[in-house]
Amino acid sequence: MPVAPGRLPMIGHIWPLMRNPFDFFADLRARGDVVQLYIGKRPIYFLTTARLAHQVLVKEARSFGKGMVWEAVHPLSGNGLLASDRALHRRQRRLIQPLFHRQMIASYAQIMTAESQALAESWQPGQQVVVQQAMIELTLTTIVRSMFSGSLPGDVVREIIRSLPIFTYGMVARTVLPAWLCKVTGFDRRFLDAANRLRAAVDHVVRTDKSADGTDLLSHLRAARDPDTGEAMGDDLIRDELVSIMMAGTETTAATLTWAFHELSRHPEVEAKLRAELRDVLGGRPAEYADIEQLTYTRAVVNEVLRRYSLLMLFRRAEEPVVVDGIPLAAGADVMFSQIDLHRDGAAFPDPDRFHPGRWLVDREDLPHRTAFLPFGEGNRRCIGEPYAQAKAVIALATILGRWRLVPAPGHTVRRVAAAMPRPNSLPMIVTPIDTDGSEPAHA
Ligand code: HEM
């Protein structure tokens with residue numbers, strides 16, 4: 001099996017992984033379907049094809065646990081869905097799945113519309129906004145309102161906004177860097193402090209907020225009963241599930257929206273088509289859940305953003321000996337792949353580096369094979385929040401663009417930063433008005 005270039009004694013491939021994982025992963029594809037890399041002294045099987053990723057996530061899923069991700073996220077998500085394994089995961093997934101059914105998403109969508117509209121209305125013509133920050137706050141507020149119908153104390157919301165990015169940004173570093181380095185640099189302390197503050201903030205709300213009105217996530221988690229034992233979830237597990245959802249759903253969706261604004265500003269022809277659709281379907285009003293079906297081009301834009309800016313890495317660890325595509329893996333073997341890199345496969349996505357929403361506007365049978373496009377993962381750990389994320393991205397994008405045009409602030413160069421979900425270093429943009437029917441005024 002080929003070994004990735006650039007391995008150093010003791011630290012393995014940590015340097016290229018931390019310096020520029022995008023180029024590092026892109027380079028591995030040409031070296032084989034499976035390439036060995038090292039995180040410190042620990043060998044990792046890096047998969048470069050979606051076919052192999054599918055085998056691990058779906059066909060042989062029962063032989064794998066979450067492995068290194070569990071170690072990284074456990075301080076925050078505890079026993080929540082994101083990191084739990086085996087029987088607990090199966091039980092919780094069954095209990096939580098109904099919270100993401102169609103009629104529930106339709107009800108959260110009212111919050112998505114209201115919050116997107118409120119954000120669009122708070123902006124002034126000519127104002128400079130830091131888009132990734134605005135999208136994190138928008139996504140977080142929407143998720144928090146979907147979770148807790150009672151209004152949260154301002155200090156709790158501020159705490160979440162402050163601590164969540166420290167945590168999600170640190171996940172990659174904490175997964176990749178050796179434990180001793182995380183300790184001596186003080187990185188571990190900052191990471192764990194952020195996790196503790198966040199858990200404490202949500203814990204406080206779960207134990208004290210009795211205002212749940214029966215429609216929010218908190219009420220549904222309280223009402224859920226194990227179908228076999230009739231057991232309810234304890235407050236600790238409810239907190240862990242809420243923290244998991246908040247953690248998994250905030251920066252991912254915020255990054256998708258942020259990259260969408262960035263790509264639209266670089267592709268005027270795409271933006272023009274999107275605006276034409278918004279004028280036809282919405283005619284200047286905010287987008288609602290019932291509009292999503294008709295917003296075909298907007299959905300294609302979101303899909304293309306998800307293709308180009310997916311998660312940086314996914315991990316699994318074999319929990320028993322298993323054979324993947326003829327390769328025998330011992331119990332304890334770590335497997336990893338990069339969705340963002342898999343989505344650059346030219347065989348599935350011709351001209352893969354081109355931002356081209358049109359590739360999604362074809363007949364069903366001509367769409368890229370579903371195993372080649374896996375922004376939400378696959379199998380029994382597939383993203384439970386996918387319908388929420390899709391609805392949120394379409395509603396927010398359509399509602400904000402129905403009101404404003406976002407133009408890049410001069411003098412800033414956008415770079416991708418490695419995080420669980422890659423994000424821009426910063427994205428300052430100028431808010432520019434359009435007419436209320438969705439067309440741009442003559443002076444714009
Ligand atoms: C664009 C936005 C999103 C992306 C790209 C995304 C991606 C993913 C991926 C790839 C996984 C699987 C991880 C694995 O297999 O190890 C996952 C799991 C998960 N996601 Fe999402 N996600 C997004 C939004 C959301 C939202 C909005 C929520 C909740 C409101 C959410 C909640 C979860 C949860 C709880 C899991 C764990 C599921 C399980 O293990 O059973 N995600 N997500």
# chains A, B, ... in the order shown; residues from 1 in each chain; ligands from 1
>>> residues_around(residues="A:Arg207", least_positions_apart="5", cutoff="10 Å", atoms="only C-alpha atoms", output="CSV table (one decimal) with N, CA, C and O atoms, in the first residue's frame")
chain,number,residue,atom,x,y,z
A,202,VAL,N,-26.3,24.9,28.2
A,202,VAL,CA,-27.5,24.1,27.8
A,202,VAL,C,-28.1,23.3,28.9
A,202,VAL,O,-29.3,23.2,29.1
A,235,ASP,N,-32.4,14.1,32.1
A,235,ASP,CA,-31.9,15.4,31.7
A,235,ASP,C,-30.5,15.4,31.1
A,235,ASP,O,-30.2,16.2,30.2
A,236,ASP,N,-29.6,14.6,31.6
A,236,ASP,CA,-28.2,14.5,31.1
A,236,ASP,C,-28.2,14.1,29.6
A,236,ASP,O,-27.5,14.8,28.8
A,238,ILE,N,-30.8,14.3,27.5
A,238,ILE,CA,-31.4,15.4,26.7
A,238,ILE,C,-30.4,16.5,26.4
A,238,ILE,O,-30.3,17.0,25.3
A,239,ARG,N,-29.7,16.9,27.5
A,239,ARG,CA,-28.7,17.9,27.2
A,239,ARG,C,-27.7,17.5,26.2
A,239,ARG,O,-27.4,18.2,25.2
>>> select_by_dssp(residues="stretch 21-237 of chain A", states="strand (DSSP E or B)", output="number ranges by chain")
A: 34-39, 42-47, 64-65, 128-130, 225, 232
>>> residues_near_ligand(ligand="ligand 1", cutoff="8 Å", atoms="only C-alpha atoms and all ligand atoms", output="short mmCIF file (atom, residue, chain, number, x, y, z; two decimals) with all heavy atoms, in the first residue's frame")
data_model
loop_
_atom_site.label_atom_id
_atom_site.label_comp_id
_atom_site.auth_asym_id
_atom_site.auth_seq_id
_atom_site.Cartn_x
_atom_site.Cartn_y
_atom_site.Cartn_z
N LEU A 57 -19.08 2.97 5.12
CA LEU A 57 -20.22 3.64 5.77
C LEU A 57 -21.51 2.81 5.69
O LEU A 57 -22.37 2.94 6.54
CB LEU A 57 -20.50 4.99 5.10
CG LEU A 57 -19.43 6.07 5.25
CD1 LEU A 57 -19.85 7.34 4.54
CD2 LEU A 57 -19.12 6.35 6.71
N LYS A 66 -17.12 5.19 15.52
CA LYS A 66 -16.70 6.52 15.06
C LYS A 66 -15.21 6.81 15.31
O LYS A 66 -14.64 7.70 14.72
CB LYS A 66 -17.54 7.60 15.75
CG LYS A 66 -19.01 7.49 15.36
CD LYS A 66 -19.58 8.46 14.55
CE LYS A 66 -19.78 9.61 14.06
NZ LYS A 66 -20.61 10.46 13.57
N VAL A 69 -13.09 10.56 15.92
CA VAL A 69 -14.03 11.67 16.09
C VAL A 69 -14.65 11.60 17.47
O VAL A 69 -14.83 12.61 18.15
CB VAL A 69 -15.14 11.61 15.02
CG1 VAL A 69 -16.22 12.60 15.32
CG2 VAL A 69 -14.55 11.89 13.67
N GLY A 80 -24.50 12.10 23.23
CA GLY A 80 -25.43 12.51 22.18
C GLY A 80 -25.18 11.74 20.88
O GLY A 80 -24.13 11.11 20.70
N LEU A 81 -26.14 11.82 19.97
CA LEU A 81 -26.13 11.06 18.71
C LEU A 81 -24.81 11.12 17.96
O LEU A 81 -24.39 10.14 17.37
CB LEU A 81 -27.19 11.63 17.76
CG LEU A 81 -28.54 10.97 17.66
CD1 LEU A 81 -29.25 11.45 16.42
CD2 LEU A 81 -28.42 9.46 17.64
N LEU A 82 -24.22 12.31 17.95
CA LEU A 82 -23.06 12.53 17.11
C LEU A 82 -21.94 11.54 17.40
O LEU A 82 -21.24 11.12 16.50
CB LEU A 82 -22.57 13.96 17.34
CG LEU A 82 -21.69 14.57 16.27
CD1 LEU A 82 -22.39 14.57 14.94
CD2 LEU A 82 -21.33 16.00 16.66
N ALA A 83 -21.77 11.20 18.67
CA ALA A 83 -20.62 10.37 19.00
C ALA A 83 -20.99 9.03 19.64
O ALA A 83 -20.13 8.19 19.81
CB ALA A 83 -19.69 11.14 19.93
N SER A 84 -22.26 8.82 19.99
CA SER A 84 -22.58 7.56 20.67
C SER A 84 -22.49 6.40 19.69
O SER A 84 -22.56 6.59 18.48
CB SER A 84 -23.99 7.62 21.27
OG SER A 84 -24.94 7.82 20.25
N HIS A 89 -26.72 4.36 20.41
CA HIS A 89 -26.95 5.13 19.18
C HIS A 89 -28.22 4.67 18.48
O HIS A 89 -29.05 5.47 18.06
CB HIS A 89 -25.75 5.02 18.23
CG HIS A 89 -26.00 5.72 16.93
ND1 HIS A 89 -26.42 5.06 15.80
CD2 HIS A 89 -25.98 7.03 16.60
CE1 HIS A 89 -26.61 5.92 14.82
NE2 HIS A 89 -26.34 7.13 15.28
N ARG A 93 -31.30 7.16 18.00
CA ARG A 93 -31.59 7.53 16.61
C ARG A 93 -33.08 7.28 16.32
O ARG A 93 -33.75 8.09 15.70
CB ARG A 93 -30.69 6.70 15.69
CG ARG A 93 -30.91 6.92 14.23
CD ARG A 93 -29.85 7.79 13.60
NE ARG A 93 -30.27 8.19 12.27
CZ ARG A 93 -29.59 8.94 11.45
NH1 ARG A 93 -28.43 9.41 11.79
NH2 ARG A 93 -30.06 9.28 10.28
N ILE A 143 -31.57 27.49 15.24
CA ILE A 143 -31.54 26.17 15.91
C ILE A 143 -31.98 26.32 17.36
O ILE A 143 -32.78 25.53 17.86
CB ILE A 143 -30.13 25.54 15.81
CG1 ILE A 143 -29.89 25.08 14.36
CG2 ILE A 143 -30.00 24.36 16.77
CD1 ILE A 143 -28.71 24.18 14.16
N GLU A 241 -28.04 15.39 23.75
CA GLU A 241 -28.64 15.37 22.41
C GLU A 241 -28.78 16.80 21.87
O GLU A 241 -28.52 17.05 20.69
CB GLU A 241 -30.01 14.67 22.41
CG GLU A 241 -29.96 13.18 22.73
CD GLU A 241 -29.11 12.37 21.76
OE1 GLU A 241 -28.54 12.94 20.82
OE2 GLU A 241 -28.99 11.15 21.98
N SER A 244 -25.39 18.05 20.87
CA SER A 244 -24.97 17.37 19.62
C SER A 244 -25.61 18.02 18.41
O SER A 244 -24.95 18.28 17.40
CB SER A 244 -25.44 15.91 19.63
OG SER A 244 -24.49 15.08 20.16
N ILE A 245 -26.90 18.26 18.51
CA ILE A 245 -27.62 18.84 17.38
C ILE A 245 -27.10 20.25 17.09
O ILE A 245 -26.85 20.63 15.95
CB ILE A 245 -29.15 18.85 17.67
CG1 ILE A 245 -29.68 17.42 17.61
CG2 ILE A 245 -29.90 19.75 16.69
CD1 ILE A 245 -31.10 17.25 18.11
N MET A 246 -26.89 21.00 18.16
CA MET A 246 -26.40 22.37 18.00
C MET A 246 -25.01 22.37 17.36
O MET A 246 -24.71 23.14 16.46
CB MET A 246 -26.32 22.98 19.41
CG MET A 246 -26.20 24.44 19.45
SD MET A 246 -25.96 24.96 21.14
CE MET A 246 -27.52 24.81 21.84
N MET A 247 -24.20 21.45 17.84
CA MET A 247 -22.83 21.39 17.36
C MET A 247 -22.77 20.91 15.90
O MET A 247 -22.04 21.46 15.08
CB MET A 247 -22.11 20.38 18.25
CG MET A 247 -20.68 20.26 18.05
SD MET A 247 -20.20 19.09 19.33
CE MET A 247 -19.26 18.04 18.34
N ALA A 248 -23.58 19.87 15.60
CA ALA A 248 -23.54 19.32 14.24
C ALA A 248 -24.22 20.24 13.24
O ALA A 248 -23.88 20.23 12.06
CB ALA A 248 -24.22 17.95 14.22
N GLY A 249 -25.18 21.04 13.72
CA GLY A 249 -26.02 21.76 12.77
C GLY A 249 -25.68 23.22 12.55
O GLY A 249 -26.16 23.82 11.59
N THR A 250 -24.84 23.79 13.40
CA THR A 250 -24.64 25.24 13.30
C THR A 250 -23.60 25.63 12.27
O THR A 250 -23.91 26.26 11.25
CB THR A 250 -24.26 25.82 14.68
OG1 THR A 250 -25.27 25.46 15.60
CG2 THR A 250 -24.17 27.33 14.62
N GLU A 251 -22.35 25.26 12.51
CA GLU A 251 -21.29 25.74 11.62
C GLU A 251 -21.39 25.13 10.23
O GLU A 251 -21.02 25.78 9.24
CB GLU A 251 -19.93 25.44 12.24
CG GLU A 251 -19.69 26.32 13.44
CD GLU A 251 -18.31 26.94 13.45
OE1 GLU A 251 -17.80 27.33 12.39
OE2 GLU A 251 -17.74 27.01 14.53
N THR A 252 -21.91 23.89 10.15
CA THR A 252 -22.06 23.24 8.85
C THR A 252 -22.99 24.07 7.96
O THR A 252 -22.65 24.43 6.84
CB THR A 252 -22.65 21.83 9.04
OG1 THR A 252 -23.70 21.91 9.99
CG2 THR A 252 -21.62 20.83 9.49
N THR A 253 -24.17 24.39 8.51
CA THR A 253 -25.15 25.11 7.70
C THR A 253 -24.68 26.54 7.46
O THR A 253 -24.86 27.09 6.36
CB THR A 253 -26.52 25.10 8.42
OG1 THR A 253 -26.73 23.80 8.98
CG2 THR A 253 -27.65 25.42 7.48
N ALA A 254 -24.06 27.14 8.48
CA ALA A 254 -23.57 28.52 8.32
C ALA A 254 -22.50 28.58 7.24
O ALA A 254 -22.49 29.50 6.40
CB ALA A 254 -23.01 29.03 9.65
N ALA A 255 -21.61 27.58 7.22
CA ALA A 255 -20.54 27.57 6.19
C ALA A 255 -21.16 27.42 4.80
O ALA A 255 -20.73 28.07 3.84
CB ALA A 255 -19.54 26.45 6.47
N THR A 256 -22.18 26.57 4.69
CA THR A 256 -22.82 26.37 3.38
C THR A 256 -23.38 27.71 2.87
O THR A 256 -23.18 28.09 1.71
CB THR A 256 -23.96 25.33 3.51
OG1 THR A 256 -23.40 24.13 4.03
CG2 THR A 256 -24.62 25.04 2.17
N LEU A 306 -22.64 22.50 -1.51
CA LEU A 306 -22.36 21.34 -0.65
C LEU A 306 -21.30 20.42 -1.29
O LEU A 306 -20.51 19.79 -0.60
CB LEU A 306 -23.63 20.53 -0.41
CG LEU A 306 -24.61 21.15 0.59
CD1 LEU A 306 -25.96 20.45 0.53
CD2 LEU A 306 -24.05 21.06 2.01
N SER A 310 -17.59 20.54 1.26
CA SER A 310 -18.09 19.53 2.21
C SER A 310 -17.17 19.41 3.42
O SER A 310 -16.17 20.11 3.51
CB SER A 310 -18.16 18.18 1.52
OG SER A 310 -19.23 18.14 0.65
N LEU A 311 -17.49 18.44 4.26
CA LEU A 311 -16.65 18.19 5.43
C LEU A 311 -15.23 17.82 4.99
O LEU A 311 -15.04 17.18 3.96
CB LEU A 311 -17.20 17.03 6.27
CG LEU A 311 -18.49 17.24 7.05
CD1 LEU A 311 -18.67 16.13 8.05
CD2 LEU A 311 -18.53 18.58 7.76
N LEU A 314 -13.78 12.56 7.48
CA LEU A 314 -14.64 11.66 8.27
C LEU A 314 -13.79 10.46 8.71
O LEU A 314 -12.96 9.99 7.92
CB LEU A 314 -15.80 11.15 7.43
CG LEU A 314 -17.11 11.91 7.46
CD1 LEU A 314 -18.21 11.10 6.78
CD2 LEU A 314 -17.55 12.24 8.86
N PHE A 315 -14.03 10.01 9.91
CA PHE A 315 -13.24 8.89 10.44
C PHE A 315 -14.13 7.72 10.81
O PHE A 315 -15.30 7.91 11.17
CB PHE A 315 -12.53 9.32 11.73
CG PHE A 315 -11.40 10.27 11.53
CD1 PHE A 315 -11.63 11.64 11.49
CD2 PHE A 315 -10.11 9.80 11.38
CE1 PHE A 315 -10.59 12.53 11.31
CE2 PHE A 315 -9.06 10.69 11.19
CZ PHE A 315 -9.30 12.05 11.16
N ARG A 316 -13.57 6.54 10.77
CA ARG A 316 -14.19 5.35 11.34
C ARG A 316 -13.07 4.49 11.94
O ARG A 316 -11.92 4.58 11.50
CB ARG A 316 -14.93 4.52 10.29
CG ARG A 316 -16.21 5.14 9.78
CD ARG A 316 -17.28 5.21 10.87
NE ARG A 316 -18.56 5.63 10.34
CZ ARG A 316 -18.99 6.90 10.31
NH1 ARG A 316 -18.22 7.86 10.79
NH2 ARG A 316 -20.17 7.19 9.84
N LEU A 374 -21.88 12.69 -1.22
CA LEU A 374 -22.27 12.30 0.13
C LEU A 374 -21.99 13.39 1.17
O LEU A 374 -21.36 13.15 2.18
CB LEU A 374 -21.61 10.97 0.54
CG LEU A 374 -20.09 10.85 0.59
CD1 LEU A 374 -19.70 9.62 1.40
CD2 LEU A 374 -19.46 10.80 -0.74
N PRO A 375 -22.48 14.63 0.92
CA PRO A 375 -22.19 15.70 1.88
C PRO A 375 -22.78 15.41 3.25
O PRO A 375 -22.29 15.94 4.25
CB PRO A 375 -22.87 16.93 1.24
CG PRO A 375 -23.91 16.39 0.34
CD PRO A 375 -23.36 15.09 -0.17
N PHE A 376 -23.84 14.60 3.28
CA PHE A 376 -24.47 14.29 4.58
C PHE A 376 -24.11 12.89 5.06
O PHE A 376 -24.78 12.34 5.93
CB PHE A 376 -25.99 14.45 4.46
CG PHE A 376 -26.40 15.88 4.21
CD1 PHE A 376 -26.73 16.31 2.94
CD2 PHE A 376 -26.44 16.81 5.25
CE1 PHE A 376 -27.09 17.63 2.70
CE2 PHE A 376 -26.79 18.12 5.02
CZ PHE A 376 -27.12 18.54 3.74
N GLY A 377 -23.05 12.30 4.51
CA GLY A 377 -22.65 10.96 4.91
C GLY A 377 -23.61 9.93 4.33
O GLY A 377 -24.42 10.23 3.45
N GLU A 378 -23.50 8.72 4.85
CA GLU A 378 -24.32 7.61 4.34
C GLU A 378 -24.54 6.60 5.44
O GLU A 378 -23.80 6.57 6.42
CB GLU A 378 -23.56 6.90 3.21
CG GLU A 378 -23.77 7.49 1.85
CD GLU A 378 -23.39 6.46 0.80
OE1 GLU A 378 -22.17 6.32 0.55
OE2 GLU A 378 -24.28 5.80 0.26
N GLY A 379 -25.51 5.73 5.22
CA GLY A 379 -25.69 4.60 6.13
C GLY A 379 -26.35 4.98 7.43
O GLY A 379 -27.06 6.00 7.51
N ASN A 380 -26.08 4.19 8.46
CA ASN A 380 -26.80 4.37 9.73
C ASN A 380 -26.39 5.64 10.48
O ASN A 380 -27.06 6.04 11.43
CB ASN A 380 -26.62 3.13 10.64
CG ASN A 380 -25.15 2.88 10.96
OD1 ASN A 380 -24.27 3.43 10.31
ND2 ASN A 380 -24.89 2.06 11.95
N ARG A 381 -25.28 6.28 10.06
CA ARG A 381 -24.87 7.53 10.71
C ARG A 381 -25.12 8.73 9.82
O ARG A 381 -24.59 9.81 10.07
CB ARG A 381 -23.37 7.50 11.08
CG ARG A 381 -22.89 6.29 11.83
CD ARG A 381 -23.57 6.07 13.15
NE ARG A 381 -23.50 7.17 14.08
CZ ARG A 381 -22.98 7.08 15.31
NH1 ARG A 381 -22.47 5.95 15.73
NH2 ARG A 381 -23.02 8.11 16.12
N ARG A 382 -25.89 8.52 8.75
CA ARG A 382 -26.16 9.64 7.85
C ARG A 382 -26.77 10.80 8.65
O ARG A 382 -27.51 10.59 9.62
CB ARG A 382 -27.16 9.17 6.79
CG ARG A 382 -27.39 10.18 5.69
CD ARG A 382 -28.49 9.70 4.76
NE ARG A 382 -28.78 10.74 3.81
CZ ARG A 382 -28.32 10.78 2.57
NH1 ARG A 382 -27.60 9.80 2.12
NH2 ARG A 382 -28.59 11.79 1.78
N CYS A 383 -26.48 12.01 8.22
CA CYS A 383 -26.92 13.20 8.96
C CYS A 383 -28.43 13.17 9.21
O CYS A 383 -29.23 13.13 8.27
CB CYS A 383 -26.57 14.44 8.15
SG CYS A 383 -27.12 15.96 8.94
N ILE A 384 -28.79 13.24 10.45
CA ILE A 384 -30.22 13.22 10.79
C ILE A 384 -30.85 14.58 10.48
O ILE A 384 -32.04 14.70 10.27
CB ILE A 384 -30.39 12.84 12.28
CG1 ILE A 384 -31.76 12.25 12.54
CG2 ILE A 384 -30.13 14.01 13.21
CD1 ILE A 384 -31.88 11.57 13.90
N GLY A 385 -30.01 15.63 10.44
CA GLY A 385 -30.51 16.99 10.24
C GLY A 385 -30.54 17.42 8.78
O GLY A 385 -30.80 18.60 8.49
N GLU A 386 -30.32 16.47 7.84
CA GLU A 386 -30.26 16.86 6.43
C GLU A 386 -31.47 17.66 5.95
O GLU A 386 -31.32 18.73 5.35
CB GLU A 386 -30.04 15.62 5.54
CG GLU A 386 -30.08 15.96 4.07
CD GLU A 386 -29.84 14.77 3.16
OE1 GLU A 386 -29.48 13.68 3.65
OE2 GLU A 386 -30.00 14.94 1.93
N PRO A 387 -32.70 17.19 6.22
CA PRO A 387 -33.85 17.98 5.72
C PRO A 387 -33.92 19.36 6.36
O PRO A 387 -34.35 20.33 5.72
CB PRO A 387 -35.08 17.15 6.09
CG PRO A 387 -34.61 16.07 6.99
CD PRO A 387 -33.13 15.95 6.89
N TYR A 388 -33.47 19.44 7.61
CA TYR A 388 -33.44 20.74 8.30
C TYR A 388 -32.44 21.66 7.60
O TYR A 388 -32.73 22.81 7.28
CB TYR A 388 -33.04 20.52 9.77
CG TYR A 388 -33.10 21.76 10.63
CD1 TYR A 388 -34.13 21.93 11.55
CD2 TYR A 388 -32.12 22.74 10.55
CE1 TYR A 388 -34.19 23.06 12.36
CE2 TYR A 388 -32.17 23.87 11.34
CZ TYR A 388 -33.20 24.03 12.25
OH TYR A 388 -33.25 25.15 13.04
N ALA A 389 -31.24 21.10 7.33
CA ALA A 389 -30.17 21.90 6.73
C ALA A 389 -30.56 22.37 5.32
O ALA A 389 -30.34 23.53 4.96
CB ALA A 389 -28.89 21.08 6.66
N GLN A 390 -31.18 21.46 4.55
CA GLN A 390 -31.56 21.83 3.18
C GLN A 390 -32.61 22.94 3.21
O GLN A 390 -32.52 23.93 2.46
CB GLN A 390 -32.17 20.61 2.45
CG GLN A 390 -31.19 19.46 2.26
CD GLN A 390 -30.40 19.57 0.96
OE1 GLN A 390 -30.37 20.63 0.35
NE2 GLN A 390 -29.74 18.49 0.55
N LYS A 392 -33.20 25.06 5.62
CA LYS A 392 -32.61 26.28 6.17
C LYS A 392 -31.80 27.02 5.10
O LYS A 392 -31.90 28.25 4.94
CB LYS A 392 -31.72 25.89 7.36
CG LYS A 392 -30.80 26.93 7.86
CD LYS A 392 -31.50 27.90 8.73
CE LYS A 392 -30.77 29.20 8.71
NZ LYS A 392 -31.34 30.22 9.49
N ALA A 393 -30.97 26.26 4.36
CA ALA A 393 -30.09 26.89 3.37
C ALA A 393 -30.93 27.56 2.29
O ALA A 393 -30.68 28.72 1.91
CB ALA A 393 -29.15 25.85 2.78
N MET A 421 -15.87 21.70 9.03
CA MET A 421 -16.46 22.09 7.75
C MET A 421 -15.65 23.32 7.33
O MET A 421 -15.70 24.36 8.00
CB MET A 421 -17.92 22.47 8.01
CG MET A 421 -18.68 22.83 6.78
SD MET A 421 -19.45 21.36 6.08
CE MET A 421 -20.57 22.15 4.94
#
>>> closest_residue(among="A:Gly67, A:Ala134, A:Leu295, A:Phe148", to="A:Arg222", atoms="only C-alpha atoms")
A:Phe148
>>> residues_around(residues="A:Ala106", least_positions_apart="5", cutoff="10 Å", atoms="only C-alpha atoms", output="list in words")
Phe100, His101, Ile111, Met112, Glu288, Tyr289, Ala290, Pro387, Tyr388 and Ala391 of chain A
>>> write_last_selection(atoms="all heavy atoms", output="CSV table (one decimal), in the first residue's frame")
chain,number,residue,atom,x,y,z
A,100,PHE,N,-37.2,15.0,13.0
A,100,PHE,CA,-36.8,15.6,11.7
A,100,PHE,C,-37.7,15.2,10.5
A,100,PHE,O,-37.3,15.2,9.4
A,100,PHE,CB,-35.3,15.3,11.4
A,100,PHE,CG,-34.4,16.0,12.4
A,100,PHE,CD1,-34.0,15.4,13.6
A,100,PHE,CD2,-34.0,17.3,12.2
A,100,PHE,CE1,-33.2,16.0,14.5
A,100,PHE,CE2,-33.2,18.0,13.1
A,100,PHE,CZ,-32.8,17.3,14.3
A,101,HIS,N,-38.9,14.7,10.9
A,101,HIS,CA,-39.8,14.4,9.8
A,101,HIS,C,-40.4,15.7,9.2
A,101,HIS,O,-40.3,16.7,9.7
A,101,HIS,CB,-41.0,13.5,10.3
A,101,HIS,CG,-40.6,12.1,10.5
A,101,HIS,ND1,-41.3,11.2,11.2
A,101,HIS,CD2,-39.4,11.4,10.1
A,101,HIS,CE1,-40.7,10.0,11.2
A,101,HIS,NE2,-39.6,10.1,10.6
A,111,ILE,N,-39.7,29.4,11.7
A,111,ILE,CA,-38.6,30.1,12.5
A,111,ILE,C,-37.5,30.5,11.5
A,111,ILE,O,-37.0,31.6,11.5
A,111,ILE,CB,-38.1,29.2,13.6
A,111,ILE,CG1,-39.2,28.8,14.5
A,111,ILE,CG2,-36.9,29.9,14.3
A,111,ILE,CD1,-38.7,27.7,15.5
A,112,MET,N,-37.2,29.6,10.6
A,112,MET,CA,-36.2,29.9,9.6
A,112,MET,C,-36.5,31.2,8.8
A,112,MET,O,-35.7,32.1,8.5
A,112,MET,CB,-36.0,28.7,8.6
A,112,MET,CG,-35.5,27.5,9.3
A,112,MET,SD,-35.5,26.1,8.1
A,112,MET,CE,-35.2,24.7,9.1
A,288,GLU,N,-40.8,30.6,2.1
A,288,GLU,CA,-41.4,29.7,3.1
A,288,GLU,C,-41.2,28.3,2.7
A,288,GLU,O,-40.8,28.0,1.6
A,288,GLU,CB,-42.9,30.0,3.2
A,288,GLU,CG,-43.2,31.4,3.8
A,288,GLU,CD,-44.6,31.8,3.7
A,288,GLU,OE1,-45.5,31.0,3.3
A,288,GLU,OE2,-44.9,33.0,4.0
A,289,TYR,N,-41.6,27.4,3.6
A,289,TYR,CA,-41.3,26.0,3.4
A,289,TYR,C,-42.0,25.5,2.1
A,289,TYR,O,-41.4,24.8,1.3
A,289,TYR,CB,-41.9,25.2,4.6
A,289,TYR,CG,-41.6,23.7,4.5
A,289,TYR,CD1,-40.3,23.2,4.7
A,289,TYR,CD2,-42.6,22.8,4.3
A,289,TYR,CE1,-40.0,21.9,4.6
A,289,TYR,CE2,-42.3,21.4,4.2
A,289,TYR,CZ,-41.0,21.0,4.3
A,289,TYR,OH,-40.7,19.7,4.2
A,290,ALA,N,-43.2,26.0,1.9
A,290,ALA,CA,-44.0,25.5,0.7
A,290,ALA,C,-43.3,25.9,-0.6
A,290,ALA,O,-43.6,25.4,-1.7
A,290,ALA,CB,-45.4,26.0,0.8
A,387,PRO,N,-32.7,17.2,6.2
A,387,PRO,CA,-33.8,18.0,5.7
A,387,PRO,C,-33.9,19.4,6.4
A,387,PRO,O,-34.3,20.3,5.7
A,387,PRO,CB,-35.1,17.1,6.1
A,387,PRO,CG,-34.6,16.1,7.0
A,387,PRO,CD,-33.1,16.0,6.9
A,388,TYR,N,-33.5,19.4,7.6
A,388,TYR,CA,-33.4,20.7,8.3
A,388,TYR,C,-32.4,21.7,7.6
A,388,TYR,O,-32.7,22.8,7.3
A,388,TYR,CB,-33.0,20.5,9.8
A,388,TYR,CG,-33.1,21.8,10.6
A,388,TYR,CD1,-34.1,21.9,11.6
A,388,TYR,CD2,-32.1,22.7,10.6
A,388,TYR,CE1,-34.2,23.1,12.4
A,388,TYR,CE2,-32.2,23.9,11.3
A,388,TYR,CZ,-33.2,24.0,12.3
A,388,TYR,OH,-33.2,25.2,13.0
A,391,ALA,N,-33.6,22.8,4.1
A,391,ALA,CA,-34.7,23.8,4.2
A,391,ALA,C,-34.1,25.1,4.6
A,391,ALA,O,-34.4,26.2,4.1
A,391,ALA,CB,-35.7,23.3,5.1
>>> closest_residue(among="A:Gly65, A:Pro350, A:Pro328, A:Pro153", to="A:Tyr45", atoms="only C-alpha atoms")
A:Pro328
>>> closest_residue(among="A:Ala232, A:Ala195, A:Ala50, A:Ile161", to="A:Ile340", atoms="only C-alpha atoms")
A:Ala50
>>> closest_residue(among="A:Met336, A:Val156, A:Ala418, A:Met313", to="A:Tyr38", atoms="only C-alpha atoms")
A:Met336
>>> closest_residue(among="A:Val206, A:Ala118, A:Val34, A:Ala330", to="A:Ala53", atoms="only C-alpha atoms")
A:Val34
>>> select_by_dssp(residues="stretch 52-131 of chain A", states="helix (DSSP H, G or I)", output="number ranges by chain")
A: 52-59, 61-63, 68-77, 86-100, 102-122, 131
